[in-house]
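Asks: My structure file input-v9.txt, compact mmCIF, C-alpha atoms, is below:
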# COMPACT_ATOMS: atom_id res chain seq x y z
CA MET A 278 2.73 108.98 -128.62
CA LYS A 279 2.87 112.59 -127.60
CA LYS A 280 2.14 115.24 -130.20
CA ILE A 281 4.82 117.87 -130.69
CA VAL A 282 4.48 120.96 -132.86
CA ASP A 283 7.74 122.50 -133.99
CA ILE A 284 7.43 126.29 -134.09
CA SER A 285 11.08 127.00 -134.88
CA TRP A 286 12.45 128.95 -137.83
CA PRO A 287 14.66 126.69 -139.98
CA ILE A 288 18.22 127.92 -140.24
CA SER A 289 19.95 127.47 -143.56
CA GLU A 290 21.91 129.66 -145.92
CA LYS A 291 18.56 130.45 -147.62
CA SER A 292 16.76 131.59 -144.47
CA THR A 293 15.35 135.09 -144.20
CA GLU A 294 17.67 137.32 -142.21
CA TYR A 295 16.86 140.60 -140.48
CA LYS A 296 17.02 143.45 -143.00
CA ASN A 297 18.36 140.96 -145.56
CA ARG A 298 21.82 140.87 -143.98
CA LYS A 299 23.69 137.75 -145.10
CA THR A 300 25.46 136.20 -142.14
CA ILE A 301 24.52 132.51 -142.35
CA VAL A 302 27.34 130.42 -143.79
CA PHE A 303 27.83 126.65 -143.56
CA GLU A 304 31.43 125.90 -144.43
CA GLN A 305 32.12 122.22 -145.06
CA VAL A 306 35.64 121.70 -143.75
CA LYS A 307 35.89 117.91 -144.05
CA THR A 308 34.39 115.57 -146.64
CA ILE A 309 33.76 111.82 -146.68
CA GLU A 310 35.76 111.54 -149.92
CA LYS A 311 38.93 113.11 -148.58
CA ASP A 312 38.69 112.79 -144.80
CA ASN A 313 36.27 109.88 -144.16
CA VAL A 314 34.11 112.25 -142.13
CA ARG A 315 31.96 115.22 -143.03
CA GLU A 316 32.26 118.28 -140.81
CA THR A 317 30.89 121.79 -141.03
CA ILE A 318 31.64 125.10 -139.38
CA LEU A 319 28.57 127.28 -138.84
CA THR A 320 28.47 131.04 -138.88
CA PHE A 321 25.31 133.00 -138.15
CA HIS A 322 24.05 136.10 -136.43
CA ALA A 323 22.92 135.30 -132.88
CA HIS A 324 19.55 136.86 -133.75
CA SER A 325 18.99 134.46 -136.67
CA GLY A 326 15.99 132.15 -136.69
CA THR A 327 14.29 131.37 -133.40
CA HIS A 328 16.13 133.10 -130.54
CA ILE A 329 15.83 134.76 -127.16
CA ASP A 330 16.82 138.40 -126.88
CA LEU A 331 18.93 138.92 -123.77
CA PRO A 332 18.95 142.19 -121.79
CA SER A 333 22.44 143.01 -123.06
CA HIS A 334 21.00 143.35 -126.57
CA MET A 335 19.55 146.72 -125.58
CA ILE A 336 20.54 147.66 -122.04
CA GLU A 337 24.01 148.83 -121.10
CA GLN A 338 24.09 147.69 -117.51
CA LYS A 339 22.27 144.51 -116.71
CA SER A 340 23.74 142.57 -113.87
CA SER A 341 22.39 139.12 -114.57
CA GLU A 342 21.54 137.39 -117.78
CA ILE A 343 20.58 134.07 -116.36
CA ILE A 344 17.31 132.80 -117.74
CA THR A 345 16.30 129.91 -115.57
CA LEU A 346 15.35 126.88 -117.61
CA GLU A 347 12.27 126.41 -115.45
CA LYS A 348 10.82 129.46 -117.27
CA LEU A 349 11.32 127.69 -120.59
CA VAL A 350 10.29 124.05 -120.10
CA GLN A 351 6.67 122.97 -120.41
CA VAL A 352 5.34 126.38 -119.48
CA PRO A 353 1.64 127.24 -119.79
CA THR A 354 1.27 129.27 -122.95
CA CYS A 355 -1.48 131.03 -124.85
CA ILE A 356 -1.35 131.48 -128.60
CA LEU A 357 -3.29 134.64 -129.48
CA ASP A 358 -4.35 135.00 -133.10
CA PHE A 359 -3.91 138.54 -134.44
CA SER A 360 -3.76 137.51 -138.09
CA HIS A 361 -6.23 140.27 -139.00
CA ILE A 362 -3.96 143.07 -137.76
CA GLU A 363 -2.08 145.05 -140.39
CA GLU A 364 0.52 147.03 -138.48
CA LYS A 365 0.99 146.42 -134.76
CA VAL A 366 -0.50 144.69 -131.74
CA THR A 367 -1.59 147.32 -129.22
CA GLN A 368 -2.74 147.32 -125.61
CA THR A 369 -6.34 147.51 -126.85
CA ASP A 370 -5.82 144.37 -128.91
CA LEU A 371 -4.37 142.50 -125.94
CA GLU A 372 -7.10 143.64 -123.56
CA GLN A 373 -9.59 141.46 -125.43
CA TYR A 374 -7.68 138.55 -123.91
CA ASP A 375 -7.29 140.09 -120.47
CA HIS A 376 -8.63 136.94 -118.75
CA LEU A 377 -5.92 134.80 -120.39
CA ILE A 378 -3.00 137.16 -119.80
CA THR A 379 -2.16 136.30 -116.22
CA LYS A 380 0.89 136.39 -114.00
CA GLY A 381 3.61 133.95 -115.02
CA VAL A 382 2.01 132.88 -118.29
CA SER A 383 3.70 132.89 -121.70
CA ILE A 384 2.02 134.63 -124.62
CA LEU A 385 2.81 133.93 -128.28
CA LEU A 386 1.51 136.34 -130.92
CA LYS A 387 0.35 134.76 -134.17
CA THR A 388 0.16 137.38 -136.91
CA ARG A 389 0.18 137.61 -140.69
CA ASN A 390 4.00 137.38 -140.38
CA SER A 391 3.54 133.60 -140.16
CA ASN A 392 2.24 133.54 -143.74
CA LEU A 393 5.70 134.48 -145.05
CA SER A 394 7.92 131.57 -146.00
CA PHE A 395 11.06 131.00 -143.92
CA ASP A 396 13.23 132.06 -146.84
CA ALA A 397 11.23 135.00 -148.22
CA PRO A 398 12.95 138.38 -148.58
CA PHE A 399 12.88 140.32 -145.32
CA ASN A 400 9.56 142.13 -144.86
CA SER A 401 10.22 145.52 -143.27
CA ASN A 402 6.49 145.99 -142.65
CA PHE A 403 6.22 143.06 -140.27
CA VAL A 404 3.55 143.20 -137.55
CA TYR A 405 5.13 144.15 -134.22
CA LEU A 406 4.31 144.70 -130.55
CA ALA A 407 3.57 148.34 -129.76
CA SER A 408 5.16 149.91 -126.69
CA ASP A 409 1.80 150.44 -124.96
CA ALA A 410 1.17 146.71 -125.32
CA ALA A 411 4.59 145.97 -123.81
CA ALA A 412 3.79 148.25 -120.86
CA TYR A 413 0.50 146.40 -120.39
CA LEU A 414 2.28 143.03 -120.37
CA VAL A 415 4.67 144.36 -117.73
CA THR A 416 1.76 145.26 -115.46
CA LYS A 417 0.36 141.76 -116.01
CA GLU A 418 3.71 140.21 -114.97
CA ILE A 419 3.77 137.64 -117.73
CA SER A 420 6.84 135.45 -118.04
CA LEU A 421 7.51 135.38 -121.78
CA ILE A 422 6.32 137.05 -124.97
CA GLY A 423 6.93 135.50 -128.36
CA ILE A 424 6.33 136.73 -131.90
CA ASP A 425 6.39 135.18 -135.34
CA TYR A 426 9.02 137.36 -136.94
CA LEU A 427 12.70 138.11 -136.57
CA GLY A 428 11.96 141.20 -134.51
CA ILE A 429 9.31 142.18 -131.97
CA GLU A 430 9.55 145.93 -132.66
CA ARG A 431 9.96 148.47 -135.47
CA ASN A 432 9.35 152.16 -136.04
CA GLN A 433 9.70 153.06 -132.35
CA PRO A 434 12.65 155.37 -131.60
CA GLY A 435 14.65 154.21 -128.58
CA HIS A 436 13.24 150.67 -128.74
CA PRO A 437 10.73 151.09 -125.88
CA THR A 438 9.08 147.69 -126.48
CA HIS A 439 12.37 145.83 -126.07
CA LYS A 440 13.50 147.93 -123.11
CA LEU A 441 10.24 147.68 -121.16
CA LEU A 442 10.22 143.92 -121.52
CA LEU A 443 13.92 143.34 -120.86
CA GLN A 444 14.06 145.70 -117.86
CA ASN A 445 11.21 143.75 -116.31
CA ASN A 446 12.66 140.30 -116.94
CA ILE A 447 10.07 139.26 -119.47
CA VAL A 448 11.67 136.81 -121.88
CA ILE A 449 11.50 137.93 -125.54
CA LEU A 450 11.28 135.02 -127.96
CA GLU A 451 11.62 136.03 -131.61
CA GLY A 452 11.55 134.12 -134.86
CA LEU A 453 8.65 131.76 -134.25
CA ARG A 454 6.67 130.01 -137.01
CA LEU A 455 3.01 129.78 -136.07
CA GLN A 456 1.14 129.27 -139.32
CA GLY A 457 0.02 125.76 -138.45
CA VAL A 458 -0.98 126.54 -134.88
CA THR A 459 -4.47 127.53 -133.81
CA GLU A 460 -5.33 129.94 -131.02
CA GLY A 461 -5.50 128.28 -127.63
CA LYS A 462 -3.56 126.88 -124.70
CA TYR A 463 -0.39 124.80 -125.00
CA LEU A 464 2.75 123.86 -123.17
CA LEU A 465 5.81 125.63 -124.57
CA THR A 466 9.32 124.25 -124.34
CA CYS A 467 12.10 126.45 -125.65
CA LEU A 468 15.67 125.32 -125.17
CA PRO A 469 18.40 127.80 -126.15
CA LEU A 470 21.97 126.81 -126.79
CA SER A 471 24.16 127.07 -123.71
CA VAL A 472 26.04 130.10 -124.97
CA SER A 473 27.29 132.74 -122.58
CA GLY A 474 28.57 136.27 -122.96
CA ILE A 475 26.46 137.35 -125.92
CA ASP A 476 23.22 139.23 -126.56
CA ALA A 477 20.89 136.52 -127.92
CA LEU A 478 20.43 132.79 -127.59
CA PRO A 479 19.62 130.67 -130.66
CA ALA A 480 16.92 128.20 -129.63
CA ARG A 481 14.52 125.46 -130.62
CA ALA A 482 10.90 125.92 -129.59
CA ILE A 483 8.07 123.39 -129.52
CA LEU A 484 4.47 123.27 -128.39
CA GLU A 485 2.51 120.40 -126.90
CA PRO A 486 -1.27 120.65 -126.90
CA ILE A 487 -2.87 120.55 -123.46
CA VAL A 488 -5.11 117.51 -123.42
CA MET B 176 8.35 123.89 -109.26
CA LYS B 177 9.81 121.23 -111.51
CA LYS B 178 13.47 120.37 -111.10
CA ILE B 179 15.58 120.63 -114.20
CA VAL B 180 19.18 119.51 -114.50
CA ASP B 181 21.15 121.11 -117.30
CA ILE B 182 23.57 118.59 -118.80
CA SER B 183 24.78 120.78 -121.65
CA TRP B 184 28.34 121.80 -122.43
CA PRO B 185 28.70 125.60 -122.21
CA ILE B 186 29.80 127.16 -125.47
CA SER B 187 32.18 130.09 -125.22
CA GLU B 188 35.45 131.05 -126.82
CA LYS B 189 37.15 129.26 -123.88
CA SER B 190 35.34 125.94 -124.31
CA THR B 191 37.25 122.75 -124.95
CA GLU B 192 37.18 121.86 -128.63
CA TYR B 193 37.85 118.49 -130.24
CA LYS B 194 41.59 118.00 -130.68
CA ASN B 195 42.08 121.59 -129.51
CA ARG B 196 40.91 123.07 -132.81
CA LYS B 197 39.91 126.72 -132.34
CA THR B 198 36.70 127.39 -134.22
CA ILE B 199 34.54 129.21 -131.68
CA VAL B 200 34.48 132.95 -132.31
CA PHE B 201 31.97 135.51 -130.99
CA GLU B 202 32.31 138.64 -133.11
CA GLN B 203 30.54 141.65 -131.66
CA VAL B 204 29.32 143.56 -134.71
CA LYS B 205 27.20 146.23 -133.00
CA THR B 206 27.70 147.97 -129.67
CA ILE B 207 25.37 149.94 -127.41
CA GLU B 208 27.80 152.89 -127.50
CA LYS B 209 27.84 153.25 -131.27
CA ASP B 210 24.69 151.53 -132.47
CA ASN B 211 22.30 151.55 -129.48
CA VAL B 212 22.10 147.76 -129.74
CA ARG B 213 24.56 144.98 -129.09
CA GLU B 214 24.76 142.21 -131.68
CA THR B 215 27.08 139.28 -132.16
CA ILE B 216 27.87 136.89 -134.98
CA LEU B 217 28.69 133.36 -133.83
CA THR B 218 31.06 130.97 -135.49
CA PHE B 219 31.60 127.43 -134.24
CA HIS B 220 32.14 123.89 -135.42
CA ALA B 221 28.84 122.01 -135.63
CA HIS B 222 30.36 119.36 -133.35
CA SER B 223 31.11 121.88 -130.59
CA GLY B 224 29.58 121.47 -127.15
CA THR B 225 26.46 119.34 -126.81
CA HIS B 226 25.38 118.08 -130.23
CA ILE B 227 23.74 115.26 -132.17
CA ASP B 228 25.83 113.47 -134.78
CA LEU B 229 23.82 112.99 -137.96
CA PRO B 230 24.30 110.03 -140.32
CA SER B 231 25.94 112.30 -142.92
CA HIS B 232 28.84 112.83 -140.49
CA MET B 233 30.12 109.36 -141.34
CA ILE B 234 27.98 107.72 -144.01
CA GLU B 235 28.14 108.70 -147.67
CA GLN B 236 24.63 107.74 -148.69
CA LYS B 237 21.94 108.25 -146.11
CA SER B 238 18.55 109.03 -147.52
CA SER B 239 16.90 110.69 -144.56
CA GLU B 240 18.29 112.76 -141.75
CA ILE B 241 15.06 113.56 -140.03
CA ILE B 242 15.22 112.98 -136.32
CA THR B 243 11.68 113.15 -135.05
CA LEU B 244 11.36 115.40 -132.05
CA GLU B 245 9.26 112.76 -130.32
CA LYS B 246 12.53 110.82 -129.86
CA LEU B 247 14.04 113.79 -128.05
CA VAL B 248 11.37 115.19 -125.75
CA GLN B 249 10.81 113.75 -122.28
CA VAL B 250 12.14 110.36 -123.23
CA PRO B 251 12.78 107.66 -120.61
CA THR B 252 16.51 107.63 -119.98
CA CYS B 253 18.99 105.71 -117.87
CA ILE B 254 22.20 107.28 -116.63
CA LEU B 255 24.77 104.50 -116.25
CA ASP B 256 27.79 105.31 -114.10
CA PHE B 257 31.05 103.99 -115.55
CA SER B 258 33.27 106.45 -113.69
CA HIS B 259 35.61 103.59 -112.68
CA ILE B 260 36.47 102.68 -116.26
CA GLU B 261 39.82 103.86 -117.59
CA GLU B 262 39.67 103.34 -121.33
CA LYS B 263 36.40 102.27 -122.93
CA VAL B 264 32.91 101.01 -122.21
CA THR B 265 32.53 97.51 -123.63
CA GLN B 266 29.67 95.09 -124.21
CA THR B 267 30.62 93.31 -120.99
CA ASP B 268 30.29 96.55 -119.06
CA LEU B 269 26.86 97.24 -120.54
CA GLU B 270 25.61 93.70 -119.94
CA GLN B 271 25.62 94.39 -116.21
CA TYR B 272 22.70 96.70 -116.94
CA ASP B 273 20.98 94.36 -119.39
CA HIS B 274 17.63 94.69 -117.58
CA LEU B 275 17.67 98.50 -118.02
CA ILE B 276 18.79 98.56 -121.64
CA THR B 277 15.49 97.94 -123.38
CA LYS B 278 13.92 98.75 -126.72
CA GLY B 279 13.31 102.45 -127.27
CA VAL B 280 15.16 103.65 -124.18
CA SER B 281 17.87 106.30 -124.08
CA ILE B 282 21.18 105.55 -122.38
CA LEU B 283 23.63 108.19 -121.17
CA LEU B 284 27.13 107.11 -120.19
CA LYS B 285 28.65 108.89 -117.21
CA THR B 286 32.42 108.44 -117.16
CA ARG B 287 35.52 110.06 -115.73
CA ASN B 288 35.27 112.44 -118.73
CA SER B 289 32.73 114.41 -116.70
CA ASN B 290 35.43 115.34 -114.19
CA LEU B 291 37.18 117.51 -116.77
CA SER B 292 36.18 121.17 -116.77
CA PHE B 293 34.33 122.50 -119.80
CA ASP B 294 37.36 124.57 -120.79
CA ALA B 295 40.19 122.12 -120.04
CA PRO B 296 42.63 121.25 -122.83
CA PHE B 297 41.29 118.45 -125.03
CA ASN B 298 41.94 115.04 -123.48
CA SER B 299 42.84 112.59 -126.24
CA ASN B 300 42.49 109.67 -123.78
CA PHE B 301 38.79 110.21 -123.18
CA VAL B 302 36.67 107.20 -122.27
CA TYR B 303 34.73 106.02 -125.32
CA LEU B 304 32.17 103.44 -126.45
CA ALA B 305 33.80 100.33 -127.91
CA SER B 306 32.43 98.90 -131.14
CA ASP B 307 31.28 95.66 -129.49
CA ALA B 308 29.22 97.75 -127.10
CA ALA B 309 27.71 99.66 -130.04
CA ALA B 310 26.78 96.36 -131.70
CA TYR B 311 25.14 95.24 -128.46
CA LEU B 312 23.10 98.45 -128.27
CA VAL B 313 21.95 97.87 -131.86
CA THR B 314 20.62 94.44 -130.94
CA LYS B 315 18.82 96.00 -127.98
CA GLU B 316 17.19 98.57 -130.30
CA ILE B 317 17.74 101.51 -128.01
CA SER B 318 16.72 104.95 -129.24
CA LEU B 319 19.62 107.16 -128.20
CA ILE B 320 23.11 106.87 -126.73
CA GLY B 321 24.83 109.81 -125.08
CA ILE B 322 28.32 110.33 -123.74
CA ASP B 323 30.05 112.96 -121.63
CA TYR B 324 32.74 113.98 -124.08
CA LEU B 325 33.07 115.63 -127.46
CA GLY B 326 33.38 112.26 -129.17
CA ILE B 327 31.90 108.81 -128.60
CA GLU B 328 34.79 106.93 -130.26
CA ARG B 329 38.58 106.92 -130.61
CA ASN B 330 41.29 104.49 -131.63
CA GLN B 331 38.99 102.42 -133.84
CA PRO B 332 39.95 102.47 -137.54
CA GLY B 333 36.95 103.03 -139.80
CA HIS B 334 34.80 104.44 -136.97
CA PRO B 335 32.74 101.27 -136.38
CA THR B 336 31.01 102.65 -133.27
CA HIS B 337 29.67 105.66 -135.13
CA LYS B 338 28.72 103.68 -138.21
CA LEU B 339 26.92 100.89 -136.35
CA LEU B 340 24.85 103.38 -134.41
CA LEU B 341 24.11 105.73 -137.32
CA GLN B 342 23.24 102.94 -139.76
CA ASN B 343 20.71 101.66 -137.26
CA ASN B 344 19.10 105.02 -136.53
CA ILE B 345 20.34 105.25 -132.96
CA VAL B 346 20.75 108.91 -132.08
CA ILE B 347 24.30 109.82 -130.95
CA LEU B 348 24.38 112.64 -128.41
CA GLU B 349 27.88 113.92 -127.66
CA GLY B 350 29.22 116.61 -125.38
CA LEU B 351 27.16 115.99 -122.24
CA ARG B 352 28.13 117.16 -118.75
CA LEU B 353 27.13 114.56 -116.16
CA GLN B 354 29.30 115.25 -113.13
CA GLY B 355 26.39 116.32 -110.95
CA VAL B 356 24.03 113.54 -112.02
CA THR B 357 23.68 110.25 -110.20
CA GLU B 358 22.98 106.90 -111.81
CA GLY B 359 19.29 106.23 -112.30
CA LYS B 360 16.21 106.95 -114.36
CA TYR B 361 15.27 110.35 -115.73
CA LEU B 362 13.36 112.04 -118.50
CA LEU B 363 15.67 113.51 -121.14
CA THR B 364 14.77 116.45 -123.33
CA CYS B 365 17.25 117.43 -125.98
CA LEU B 366 16.31 120.13 -128.45
CA PRO B 367 18.72 120.74 -131.32
CA LEU B 368 18.74 123.89 -133.40
CA SER B 369 16.58 123.65 -136.51
CA VAL B 370 19.53 123.51 -138.88
CA SER B 371 19.35 121.52 -142.08
CA GLY B 372 21.88 120.29 -144.58
CA ILE B 373 24.80 119.67 -142.21
CA ASP B 374 26.35 116.79 -140.29
CA ALA B 375 25.64 117.66 -136.65
CA LEU B 376 23.02 119.57 -134.68
CA PRO B 377 24.07 121.83 -131.79
CA ALA B 378 21.63 121.20 -128.94
CA ARG B 379 20.60 121.89 -125.38
CA ALA B 380 19.97 118.86 -123.19
CA ILE B 381 18.23 118.65 -119.82
CA LEU B 382 17.12 115.96 -117.41
CA GLU B 383 14.10 115.82 -115.16
CA PRO B 384 14.13 113.30 -112.30
CA ILE B 385 11.33 110.75 -112.43
CA VAL B 386 9.30 111.26 -109.28
Write the structure described by the file as structure tokens, please.

Replies:
Amino acid sequence: MKKIVDISWPISEKSTEYKNRKTIVFEQVKTIEKDNVRETILTFHAHSGTHIDLPSHMIEQKSSEIITLEKLVQVPTCILDFSHIEEKVTQTDLEQYDHLITKGVSILLKTRNSNLSFDAPFNSNFVYLASDAAAYLVTKEISLIGIDYLGIERNQPGHPTHKLLLQNNIVILEGLRLQGVTEGKYLLTCLPLSVSGIDALPARAILEPIV
Amino acid sequence: MKKIVDISWPISEKSTEYKNRKTIVFEQVKTIEKDNVRETILTFHAHSGTHIDLPSHMIEQKSSEIITLEKLVQVPTCILDFSHIEEKVTQTDLEQYDHLITKGVSILLKTRNSNLSFDAPFNSNFVYLASDAAAYLVTKEISLIGIDYLGIERNQPGHPTHKLLLQNNIVILEGLRLQGVTEGKYLLTCLPLSVSGIDALPARAILEPIV
């Protein structure tokens, strides 16, 4: 049987939320006792848990927000382990992997963020992707960049990391959980909900080892 | 490039909801103009759009609700075309495909439901799976049954179709869109959000033709 590694952030009312906002609510509206069925209405911020940032999250005019599913199903992916880094992943850090960062590939950044539990208080000192690293990934024409926290950027006025990536159609995948995954090559499948007209897509993401 | 067929029900504030309830709300809480970022909080019924019914939807005591992802990723699947049927798919209808309905397989039912647009008023006369057909699928030990409407059952007191399937660990996948798909064999991948503690899992579902 195939081996599948779930790298998704569990969503529950306990889950860590960005800057400790509290948006996740599961409201049980029918119960077995009274209604013979159990039903729940979900409320959560579109940027909760594992999700794709869409261009409209940061860019005023962006004509198309269609992410073709072919870019998200069984795509060649490298996990790069930056667990030793304290603050941010820079271009210099990425250049060590220059031979792996090739056109059309997906890159997932494993950092010390993955050591935090899914329901820990929000850590405002999370490791992020520096803007020079984003510019480097644009020149390399990668397809997707993922990170193991609820944001890919902090402490950069004007959000240059987000804007560089989104303006160049690089998919941003946030909210991954990579603690159990070792550096190497995998196939990534990330299926977002079919939601239209908003600025992020909640998603499930899995890896399959390349054998 | 691989061919992927999206069979998911789009979720928007216009989408058809079960019995015309109105639960889907996209609340824009930040705007580019005021906040430099656009952010949205989603609210929707867990049984909106494409979703998996969990045992706790119908059964009071169900020890485990873990659906292993191996049952949902690239699984051998038959689309059966019952577009000619007016009311319900019965055991007799399924028995025509007895040779295809084998242990561990997934079955998706294409019916006239797929002709309805994703935002049409709720159709209370949708084609459903009769309880004798559910019992037949239990004896065949299939893995998953999907249907192209927001429910798999109507007009059956006590919900025997749901209960037979759920008690026997057959995954119920509701809210598919199969109009553009022809009868035959495919690989199905259905990734639900990583949500725990509720009665349904919103999901994205795709097919890949077997070549």

Asks: Could you write out as a PDB file with C-alpha atoms, keeping the file's coordinate frame the residues of chain B within 7 Å of chain A, counting all atoms listed in the file?

Replies:
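Result file part34.pdb:
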ATOM      1  CA  LYS B 177       9.810 121.230-111.510  1.00  0.00           C
ATOM      2  CA  ILE B 179      15.580 120.630-114.200  1.00  0.00           C
ATOM      3  CA  SER B 183      24.780 120.780-121.650  1.00  0.00           C
ATOM      4  CA  TRP B 184      28.340 121.800-122.430  1.00  0.00           C
ATOM      5  CA  PRO B 185      28.700 125.600-122.210  1.00  0.00           C
ATOM      6  CA  ILE B 186      29.800 127.160-125.470  1.00  0.00           C
ATOM      7  CA  SER B 187      32.180 130.090-125.220  1.00  0.00           C
ATOM      8  CA  ILE B 207      25.370 149.940-127.410  1.00  0.00           C
ATOM      9  CA  ASN B 211      22.300 151.550-129.480  1.00  0.00           C
ATOM     10  CA  VAL B 212      22.100 147.760-129.740  1.00  0.00           C
ATOM     11  CA  ARG B 213      24.560 144.980-129.090  1.00  0.00           C
ATOM     12  CA  GLU B 214      24.760 142.210-131.680  1.00  0.00           C
ATOM     13  CA  THR B 215      27.080 139.280-132.160  1.00  0.00           C
ATOM     14  CA  ILE B 216      27.870 136.890-134.980  1.00  0.00           C
ATOM     15  CA  LEU B 217      28.690 133.360-133.830  1.00  0.00           C
ATOM     16  CA  THR B 218      31.060 130.970-135.490  1.00  0.00           C
ATOM     17  CA  PHE B 219      31.600 127.430-134.240  1.00  0.00           C
ATOM     18  CA  HIS B 220      32.140 123.890-135.420  1.00  0.00           C
ATOM     19  CA  ALA B 221      28.840 122.010-135.630  1.00  0.00           C
ATOM     20  CA  SER B 231      25.940 112.300-142.920  1.00  0.00           C
ATOM     21  CA  HIS B 232      28.840 112.830-140.490  1.00  0.00           C
ATOM     22  CA  MET B 233      30.120 109.360-141.340  1.00  0.00           C
ATOM     23  CA  GLU B 235      28.140 108.700-147.670  1.00  0.00           C
ATOM     24  CA  GLU B 245       9.260 112.760-130.320  1.00  0.00           C
ATOM     25  CA  LEU B 366      16.310 120.130-128.450  1.00  0.00           C
ATOM     26  CA  PRO B 367      18.720 120.740-131.320  1.00  0.00           C
ATOM     27  CA  LEU B 368      18.740 123.890-133.400  1.00  0.00           C
ATOM     28  CA  SER B 369      16.580 123.650-136.510  1.00  0.00           C
ATOM     29  CA  VAL B 370      19.530 123.510-138.880  1.00  0.00           C
ATOM     30  CA  SER B 371      19.350 121.520-142.080  1.00  0.00           C
ATOM     31  CA  ILE B 373      24.800 119.670-142.210  1.00  0.00           C
ATOM     32  CA  ASP B 374      26.350 116.790-140.290  1.00  0.00           C
ATOM     33  CA  ALA B 378      21.630 121.200-128.940  1.00  0.00           C
ATOM     34  CA  ARG B 379      20.600 121.890-125.380  1.00  0.00           C
TER      35      ARG B 379
END

Asks: Please identify all polymer residues within 12 Å of Val458 in chain A, counting only C-alpha atoms, omitting same-chain residues fewer than 5 positions from it, and present them as a ChimeraX atom specification.

Replies: /A:281-284,355-358,360,385-388,391-392,425,453,463,483-486

Asks: By how many Å are CA of Ser401 in chain A and CA of Gln444 in chain A apart?

Replies: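 According to the coordinates, CA of Ser401 in chain A and CA of Gln444 in chain A are separated by 25.7 Å.
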
Asks: Could you tell me how far CA of Leu247 in chain B lies from CA of Leu363 in chain B, in Å and to one decimal?

Replies: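 Spanning CA of Leu247 in chain B to CA of Leu363 in chain B is a straight-line distance of 7.1 Å.
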
Asks: With distances taken over all atoms listed in the file, which residue among A:Tyr426, A:Tyr295, A:Tyr413, A:Phe399 lies nearest Gln368 in chain A?

Replies: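 Under the stated criterion, the closest residue is A:Tyr413.
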
Asks: Show which residues sit within 7 Å of Leu348 in chain B, as a PyMOL selection string. Count only C-alpha atoms, and ignore same-chain residues fewer than 2 positions away.

Replies: chain B and resi 226-228+320-322+346+350

Asks: If you measure from CA of Ser318 in chain B to CA of Gly279 in chain B, what distance in Å do you get, rounded to one decimal?

Replies: 4.7 Å

Asks: Find the smallest box with edges along x, y and z containing every listed atom of range 352-359 of chain A, then add 8 Å on each side and report centre and edge lengths in Å to one decimal, as lines of an AutoDock Vina configuration file.

Replies:
center_x = 0.5
center_y = 132.5
center_z = -127.0
size_x = 25.7
size_y = 28.2
size_z = 31.0

Asks: Counting all atoms listed in the file, write as a PyMOL selection string all protein and nucleic acid residues lying at most 10 Å from (8.2, 143.3, -134.3) in the file's frame.

Replies: chain A and resi 364-366+390+401-407+423-432+438-439+451-452

Asks: Can range 302-312 of chain A be brought up to N, CA and C atoms and written out as a PDB file, in the frame of the given file?

Replies:
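Okay, this is what ended up in result_22.pdb:
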ATOM      1  N   VAL A 302      26.416 131.147-142.911  1.00  0.00           N
ATOM      2  CA  VAL A 302      27.340 130.420-143.790  1.00  0.00           C
ATOM      3  C   VAL A 302      27.608 129.046-143.175  1.00  0.00           C
ATOM      4  N   PHE A 303      27.457 128.003-143.978  1.00  0.00           N
ATOM      5  CA  PHE A 303      27.830 126.650-143.560  1.00  0.00           C
ATOM      6  C   PHE A 303      29.055 126.258-144.375  1.00  0.00           C
ATOM      7  N   GLU A 304      30.189 126.208-143.718  1.00  0.00           N
ATOM      8  CA  GLU A 304      31.430 125.900-144.430  1.00  0.00           C
ATOM      9  C   GLU A 304      31.829 124.441-144.183  1.00  0.00           C
ATOM     10  N   GLN A 305      31.742 123.631-145.214  1.00  0.00           N
ATOM     11  CA  GLN A 305      32.120 122.220-145.060  1.00  0.00           C
ATOM     12  C   GLN A 305      33.640 122.123-145.051  1.00  0.00           C
ATOM     13  N   VAL A 306      34.181 121.698-143.901  1.00  0.00           N
ATOM     14  CA  VAL A 306      35.640 121.700-143.750  1.00  0.00           C
ATOM     15  C   VAL A 306      36.251 120.302-143.882  1.00  0.00           C
ATOM     16  N   LYS A 307      35.410 119.275-143.785  1.00  0.00           N
ATOM     17  CA  LYS A 307      35.890 117.910-144.050  1.00  0.00           C
ATOM     18  C   LYS A 307      34.840 117.192-144.894  1.00  0.00           C
ATOM     19  N   THR A 308      35.306 116.323-145.787  1.00  0.00           N
ATOM     20  CA  THR A 308      34.390 115.570-146.640  1.00  0.00           C
ATOM     21  C   THR A 308      34.678 114.073-146.508  1.00  0.00           C
ATOM     22  N   ILE A 309      33.625 113.269-146.734  1.00  0.00           N
ATOM     23  CA  ILE A 309      33.760 111.820-146.680  1.00  0.00           C
ATOM     24  C   ILE A 309      34.852 111.373-147.668  1.00  0.00           C
ATOM     25  N   GLU A 310      34.836 111.959-148.859  1.00  0.00           N
ATOM     26  CA  GLU A 310      35.760 111.540-149.920  1.00  0.00           C
ATOM     27  C   GLU A 310      37.211 111.697-149.485  1.00  0.00           C
ATOM     28  N   LYS A 311      37.530 112.831-148.919  1.00  0.00           N
ATOM     29  CA  LYS A 311      38.930 113.110-148.580  1.00  0.00           C
ATOM     30  C   LYS A 311      39.299 112.728-147.156  1.00  0.00           C
ATOM     31  N   ASP A 312      38.349 112.877-146.229  1.00  0.00           N
ATOM     32  CA  ASP A 312      38.690 112.790-144.800  1.00  0.00           C
ATOM     33  C   ASP A 312      37.963 111.664-144.061  1.00  0.00           C
TER      34      ASP A 312
END
